[in-house]
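Listing of input-v4.txt, compact mmCIF, C-alpha atoms
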```txt
# COMPACT_ATOMS: atom_id res chain seq x y z
CA MET A 85 36.36 -44.73 36.40
CA MET A 86 36.38 -43.29 32.90
CA ASN A 87 37.01 -44.85 29.52
CA ILE A 88 38.72 -42.31 27.27
CA TRP A 89 39.26 -42.26 23.52
CA GLY A 90 40.64 -39.60 21.17
CA MET A 91 41.27 -39.03 17.48
CA THR A 92 42.39 -36.31 15.11
CA ASP A 93 42.42 -36.36 11.31
CA ILE A 94 43.43 -33.90 8.62
CA GLY A 95 40.16 -34.41 6.72
CA LEU A 96 39.85 -34.44 2.94
CA VAL A 97 40.60 -30.84 1.97
CA ARG A 98 43.14 -29.20 4.30
CA ARG A 99 46.87 -29.51 3.62
CA GLU A 100 47.74 -29.41 7.32
CA ASN A 101 46.12 -30.57 10.55
CA GLN A 102 45.75 -27.45 12.70
CA ASP A 103 43.80 -29.24 15.45
CA ALA A 104 45.42 -30.55 18.62
CA TYR A 105 44.26 -32.41 21.72
CA ALA A 106 45.61 -33.91 24.91
CA VAL A 107 44.35 -36.08 27.77
CA ARG A 108 46.15 -36.54 31.06
CA ILE A 109 45.09 -38.50 34.14
CA SER A 110 46.70 -37.28 37.36
CA GLU A 111 46.82 -40.02 39.96
CA ASP A 112 48.20 -37.54 42.50
CA THR A 113 45.14 -35.28 42.37
CA GLY A 114 42.40 -37.59 41.09
CA PHE A 115 41.62 -35.23 38.18
CA THR A 116 41.54 -35.98 34.47
CA VAL A 117 42.44 -33.04 32.22
CA CYS A 118 41.19 -33.04 28.61
CA VAL A 119 41.59 -30.25 26.06
CA VAL A 120 40.82 -29.85 22.34
CA CYS A 121 41.91 -26.88 20.20
CA ASP A 122 41.27 -25.82 16.60
CA GLY A 123 43.95 -23.45 15.30
CA MET A 124 43.66 -20.65 12.77
CA GLY A 125 46.14 -18.30 11.17
CA GLY A 126 47.40 -19.63 7.86
CA PRO A 127 50.13 -22.19 7.14
CA GLY A 128 52.03 -22.98 10.32
CA GLY A 129 50.25 -20.41 12.45
CA GLY A 130 47.13 -22.37 13.28
CA LYS A 131 49.06 -25.56 13.99
CA LEU A 132 51.44 -23.71 16.29
CA ALA A 133 48.62 -21.85 18.06
CA SER A 134 46.62 -24.99 18.85
CA ARG A 135 49.68 -26.90 20.07
CA LEU A 136 50.81 -24.00 22.27
CA ALA A 137 47.34 -23.65 23.75
CA VAL A 138 46.94 -27.37 24.44
CA ASP A 139 50.35 -27.71 26.06
CA THR A 140 50.06 -24.52 28.13
CA PHE A 141 46.51 -25.19 29.31
CA GLN A 142 47.29 -28.77 30.30
CA SER A 143 50.58 -28.02 32.07
CA THR A 144 49.06 -25.06 33.95
CA CYS A 145 46.14 -27.15 35.16
CA LEU A 146 48.34 -30.03 36.25
CA ALA A 147 50.68 -27.68 38.12
CA ASN A 148 47.86 -26.04 40.08
CA LEU A 149 45.20 -28.69 40.71
CA ARG A 150 45.11 -30.22 44.19
CA ARG A 151 43.18 -33.26 45.39
CA ASP A 152 41.14 -31.41 48.05
CA MET A 153 40.01 -28.53 45.82
CA THR A 154 36.39 -27.42 45.62
CA TRP A 155 34.87 -27.00 42.18
CA GLU A 156 34.97 -23.23 42.59
CA GLN A 157 38.71 -23.49 43.15
CA VAL A 158 38.98 -25.72 40.07
CA ARG A 159 37.14 -23.03 38.12
CA GLU A 160 39.79 -20.52 39.21
CA VAL A 161 42.52 -22.89 37.99
CA THR A 162 40.92 -23.32 34.57
CA ALA A 163 40.41 -19.57 34.19
CA PHE A 164 44.09 -19.09 34.99
CA ALA A 165 45.04 -21.83 32.52
CA VAL A 166 42.95 -20.25 29.76
CA ALA A 167 44.64 -16.90 30.41
CA ALA A 168 48.06 -18.56 30.34
CA ALA A 169 47.26 -20.31 27.05
CA ASN A 170 46.07 -17.04 25.54
CA THR A 171 49.25 -15.26 26.65
CA ALA A 172 51.43 -18.01 25.17
CA VAL A 173 49.74 -17.78 21.78
CA TYR A 174 49.52 -13.98 21.78
CA GLU A 175 53.16 -13.43 22.70
CA ARG A 176 54.35 -15.95 20.10
CA SER A 177 52.25 -14.22 17.44
CA CYS A 178 53.90 -10.89 18.30
CA ALA A 179 57.40 -12.32 17.83
CA GLY A 180 57.33 -12.02 14.05
CA ASP A 181 57.64 -14.80 11.45
CA GLY A 182 54.35 -13.75 9.87
CA LEU A 183 52.30 -15.22 12.72
CA ARG A 184 50.51 -12.04 13.76
CA GLY A 185 46.83 -12.72 14.40
CA MET A 186 47.11 -16.48 14.77
CA GLY A 187 44.73 -18.01 17.26
CA THR A 188 42.82 -21.06 18.34
CA THR A 189 39.56 -22.22 19.86
CA LEU A 190 39.59 -24.27 23.05
CA VAL A 191 37.21 -26.66 24.75
CA SER A 192 38.29 -28.48 27.89
CA ALA A 193 37.01 -30.72 30.64
CA ILE A 194 38.39 -31.28 34.13
CA LEU A 195 36.85 -34.43 35.60
CA ARG A 196 36.78 -36.01 39.03
CA GLU A 197 34.61 -39.07 39.62
CA GLY A 198 31.24 -38.25 38.02
CA GLU A 199 31.62 -34.46 37.94
CA ALA A 200 33.20 -32.25 35.27
CA LEU A 201 33.97 -28.61 34.68
CA VAL A 202 33.85 -27.64 31.00
CA ASP A 203 35.36 -24.46 29.53
CA ASN A 204 35.17 -23.14 25.99
CA VAL A 205 36.47 -20.31 23.86
CA GLY A 206 35.31 -20.16 20.24
CA ASP A 207 33.22 -22.79 18.46
CA SER A 208 34.72 -26.10 19.55
CA ARG A 209 32.02 -27.87 21.54
CA ALA A 210 31.19 -30.19 24.42
CA TYR A 211 28.21 -32.54 24.44
CA VAL A 212 26.73 -34.92 26.99
CA ILE A 213 25.24 -38.14 25.62
CA ARG A 214 23.13 -39.93 28.21
CA GLY A 215 23.41 -43.69 28.47
CA GLY A 216 19.64 -43.95 28.43
CA GLY A 217 19.43 -41.87 25.24
CA GLY A 218 19.52 -38.22 24.29
CA ILE A 219 22.20 -35.63 23.57
CA THR A 220 22.68 -32.15 25.06
CA ARG A 221 25.10 -29.50 23.89
CA VAL A 222 26.89 -28.15 26.97
CA THR A 223 28.70 -25.19 25.40
CA ARG A 224 27.56 -22.20 23.37
CA ASP A 225 29.66 -21.13 20.40
CA HIS A 226 31.29 -17.73 20.37
CA SER A 227 30.34 -17.14 16.75
CA VAL A 228 28.32 -14.91 14.47
CA VAL A 229 25.75 -17.57 13.66
CA GLU A 230 25.30 -18.58 17.31
CA ARG A 231 24.42 -14.99 18.08
CA LEU A 232 21.88 -15.00 15.24
CA VAL A 233 20.36 -18.22 16.57
CA GLN A 234 20.10 -16.81 20.10
CA GLN A 235 18.42 -13.69 18.71
CA GLY A 236 15.89 -15.84 16.86
CA ASN A 237 16.98 -14.61 13.43
CA ILE A 238 17.93 -18.07 12.11
CA THR A 239 17.36 -21.66 13.18
CA GLU A 240 19.98 -24.17 14.31
CA GLU A 241 19.55 -25.96 10.97
CA GLU A 242 20.01 -22.74 8.99
CA ALA A 243 23.17 -22.01 11.01
CA ARG A 244 24.78 -25.20 9.65
CA SER A 245 24.85 -23.78 6.10
CA HIS A 246 25.00 -20.05 6.82
CA PRO A 247 27.74 -18.24 4.82
CA ASN A 248 29.18 -16.78 8.07
CA ARG A 249 29.18 -20.08 9.97
CA ASN A 250 32.99 -20.07 10.28
CA LEU A 251 33.25 -16.56 11.78
CA ILE A 252 34.02 -16.75 15.49
CA THR A 253 33.77 -13.83 17.89
CA ARG A 254 36.21 -15.07 20.55
CA ALA A 255 39.47 -17.01 20.37
CA LEU A 256 42.78 -17.48 22.17
CA GLY A 257 45.68 -15.49 20.74
CA PRO A 258 44.48 -12.56 18.64
CA ASP A 259 44.07 -10.26 21.65
CA ARG A 260 46.07 -9.68 24.82
CA GLU A 261 43.22 -11.04 26.97
CA ALA A 262 40.66 -13.78 26.42
CA PHE A 263 38.07 -15.36 28.69
CA SER A 264 36.25 -18.68 28.66
CA ASP A 265 32.73 -19.65 29.59
CA SER A 266 32.43 -22.43 32.19
CA TYR A 267 29.81 -25.12 32.71
CA THR A 268 29.35 -27.88 35.28
CA VAL A 269 28.32 -31.37 34.20
CA SER A 270 27.26 -34.46 36.14
CA LEU A 271 27.78 -37.86 34.53
CA GLU A 272 25.93 -41.00 35.58
CA PRO A 273 27.33 -44.48 34.80
CA GLY A 274 26.97 -45.05 31.06
CA ASP A 275 26.94 -41.33 30.21
CA CYS A 276 29.47 -39.87 27.76
CA LEU A 277 31.13 -36.48 27.42
CA LEU A 278 32.31 -35.49 23.93
CA LEU A 279 34.75 -32.66 23.17
CA CYS A 280 35.17 -31.84 19.48
CA THR A 281 36.12 -29.29 16.84
CA ASP A 282 33.76 -27.86 14.23
CA GLY A 283 35.28 -30.18 11.64
CA LEU A 284 33.05 -32.81 13.23
CA THR A 285 29.97 -30.79 14.17
CA GLY A 286 29.93 -28.99 10.81
CA THR A 287 29.46 -32.30 8.98
CA VAL A 288 27.76 -34.62 11.49
CA THR A 289 24.45 -33.70 13.12
CA ASP A 290 23.79 -33.92 16.85
CA GLN A 291 21.44 -36.84 16.23
CA GLU A 292 24.15 -38.70 14.30
CA LEU A 293 26.64 -38.03 17.10
CA ALA A 294 24.28 -39.55 19.65
CA ARG A 295 23.36 -42.50 17.45
CA GLU A 296 26.94 -43.58 16.79
CA ILE A 297 28.07 -43.11 20.38
CA LEU A 298 25.10 -45.00 21.77
CA ARG A 299 25.78 -47.86 19.34
CA GLY A 300 28.88 -48.60 21.42
CA THR A 301 32.19 -47.05 22.37
CA GLU A 302 34.44 -50.10 22.52
CA ASP A 303 37.95 -49.83 21.07
CA ASN A 304 37.46 -46.33 19.64
CA LYS A 305 35.12 -47.70 16.97
CA CYS A 306 32.46 -45.00 17.44
CA LEU A 307 35.01 -42.24 16.80
CA ASP A 308 36.08 -44.13 13.68
CA ARG A 309 32.45 -44.20 12.58
CA LEU A 310 32.02 -40.48 13.25
CA LEU A 311 35.15 -39.71 11.22
CA GLU A 312 33.78 -41.84 8.40
CA LEU A 313 30.51 -39.88 8.48
CA ALA A 314 32.45 -36.58 8.36
CA LYS A 315 34.39 -37.83 5.34
CA GLU A 316 31.19 -38.92 3.63
CA GLN A 317 30.15 -35.24 3.87
CA GLY A 318 33.45 -34.09 2.34
CA ALA A 319 35.38 -33.41 5.60
CA PRO A 320 36.39 -29.89 4.49
CA ASP A 321 38.13 -29.22 7.82
CA ASN A 322 40.29 -31.13 10.30
CA VAL A 323 38.30 -33.46 12.54
CA THR A 324 39.19 -33.95 16.21
CA ALA A 325 37.32 -35.46 19.15
CA VAL A 326 37.86 -36.75 22.68
CA LEU A 327 35.21 -39.03 24.13
CA LEU A 328 34.87 -39.99 27.79
CA ARG A 329 32.47 -42.58 29.14
CA ARG A 330 31.74 -43.07 32.82
CA GLN A 331 31.82 -46.74 33.69
```
Give the structure from the file, written as structure tokens.
Amino acid sequence: MMNIWGMTDIGLVRRENQDAYAVRISEDTGFTVCVVCDGMGGPGGGKLASRLAVDTFQSTCLANLRRDMTWEQVREVTAFAVAAANTAVYERSCAGDGLRGMGTTLVSAILREGEALVDNVGDSRAYVIRGGGGITRVTRDHSVVERLVQQGNITEEEARSHPNRNLITRALGPDREAFSDSYTVSLEPGDCLLLCTDGLTGTVTDQELAREILRGTEDNKCLDRLLELAKEQGAPDNVTAVLLRRQ
């Protein structure tokens, strides 16, 4: 069994919330489908892109998942769902209305019992927070600064304030094709899986994420505390998170 919480907030600077998320539990298949997106593309464009991606990804997964699937088959479903979400955003951007070039990040998790398959495109992230303590970032950003970190040119701490920290190298929508990276995760009782946009990770450190989640997850209070921390740092972007805890 999983406890699941979610929140999204416009933050303190943006005029529009261009983030979107969805969670759906399928009793027919035994899978839980979670997805978080962070849109981009100017007024209206980013909001539309993230909503299209969330709805298309979720509906495609739910239409194709089956109870007896192996995890490799689930991986094929999520790859297909990512492609479908990209096509939906790309084709809408080509239809005019000044939406050309709009796009969105995506991070998702498909869960069954204590196992999860995580996919990401862009710089929205997934983390595992162990019940016994400790936090691990599951995903790797598709971004300019992530590449610099991997090359050893800057540190993780320097990446947080780098002038190019908002430049991503992969997204859904701008191009005809887009691909996600996939990761498998095992959750023990008491462990948590966090999906979130960079509006949270750009203002709250990994250590703060772990501290607040390990303080307790009852009644969504830890997500409220994380949002408060983001706002204390100015919350210059929308803030969205989905948190799952294995009972």
Tell me, counting all atoms listed in the file, for each residue of segment 109-219 of chain A within 10 Å of segment 288-300 of chain A, which pair of atoms is nearest and how far apart they are in Å to one decimal, in rows ordered by chain and increasing number, as a Markdown table.
```
| residue | atom | partner | partner_atom | distance |
| --- | --- | --- | --- | --- |
| A:Tyr211 | CA | A:Asp290 | CA | 8.9 |
| A:Val212 | CA | A:Ala294 | CA | 9.0 |
| A:Ile213 | CA | A:Ala294 | CA | 6.2 |
| A:Arg214 | CA | A:Leu298 | CA | 8.4 |
| A:Gly215 | CA | A:Leu298 | CA | 7.0 |
| A:Gly216 | CA | A:Leu298 | CA | 8.7 |
| A:Gly217 | CA | A:Leu298 | CA | 7.3 |
| A:Gly218 | CA | A:Ala294 | CA | 6.8 |
| A:Ile219 | CA | A:Ala294 | CA | 5.9 |
```
* Do a neighbour search on segment 110-120 of chain A at 7 Å with all atoms listed in the file, toss out local chain neighbours closer than 4 positions, and write the hits as a VMD selection string. => chain A and resid 104 to 106 138 142 149 to 151 190 to 196 279 to 280
* Can you pull out every residue within 7 Å of Ala319 of chain A, counting all atoms listed in the file, but drop anything in the same chain fewer than 5 positions away, and send it as a VMD selection string? => chain A and resid 95 to 97 283 287 314
May I have the residues from that selection written out with C-alpha atoms, as a tab-separated table (two decimals), keeping the file's coordinate frame?
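File written: selection24.tsv
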```tsv
chain	number	residue	atom	x	y	z
A	95	GLY	CA	40.16	-34.41	6.72
A	96	LEU	CA	39.85	-34.44	2.94
A	97	VAL	CA	40.60	-30.84	1.97
A	283	GLY	CA	35.28	-30.18	11.64
A	287	THR	CA	29.46	-32.30	8.98
A	314	ALA	CA	32.45	-36.58	8.36
```
* **Neighbour residues at most 10 Å from (49.3, -20.4, 4.9) (only C-alpha atoms) as an MDAnalysis selection string** => chainID A and resid 99:100 124:130 182:183
* To do: Have a look at A:Ala133, A:Cys306, A:Leu201, A:Leu313 and name the one nearest to Met91 of chain A; count all atoms listed in the file.
  =>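 Residue with the minimum atom-to-atom distance to Met91 of chain A: A:Cys306.
Picture a line from atom CA of Glu175 of chain A to atom CA of Thr144 of chain A; it runs 16.7 Å.
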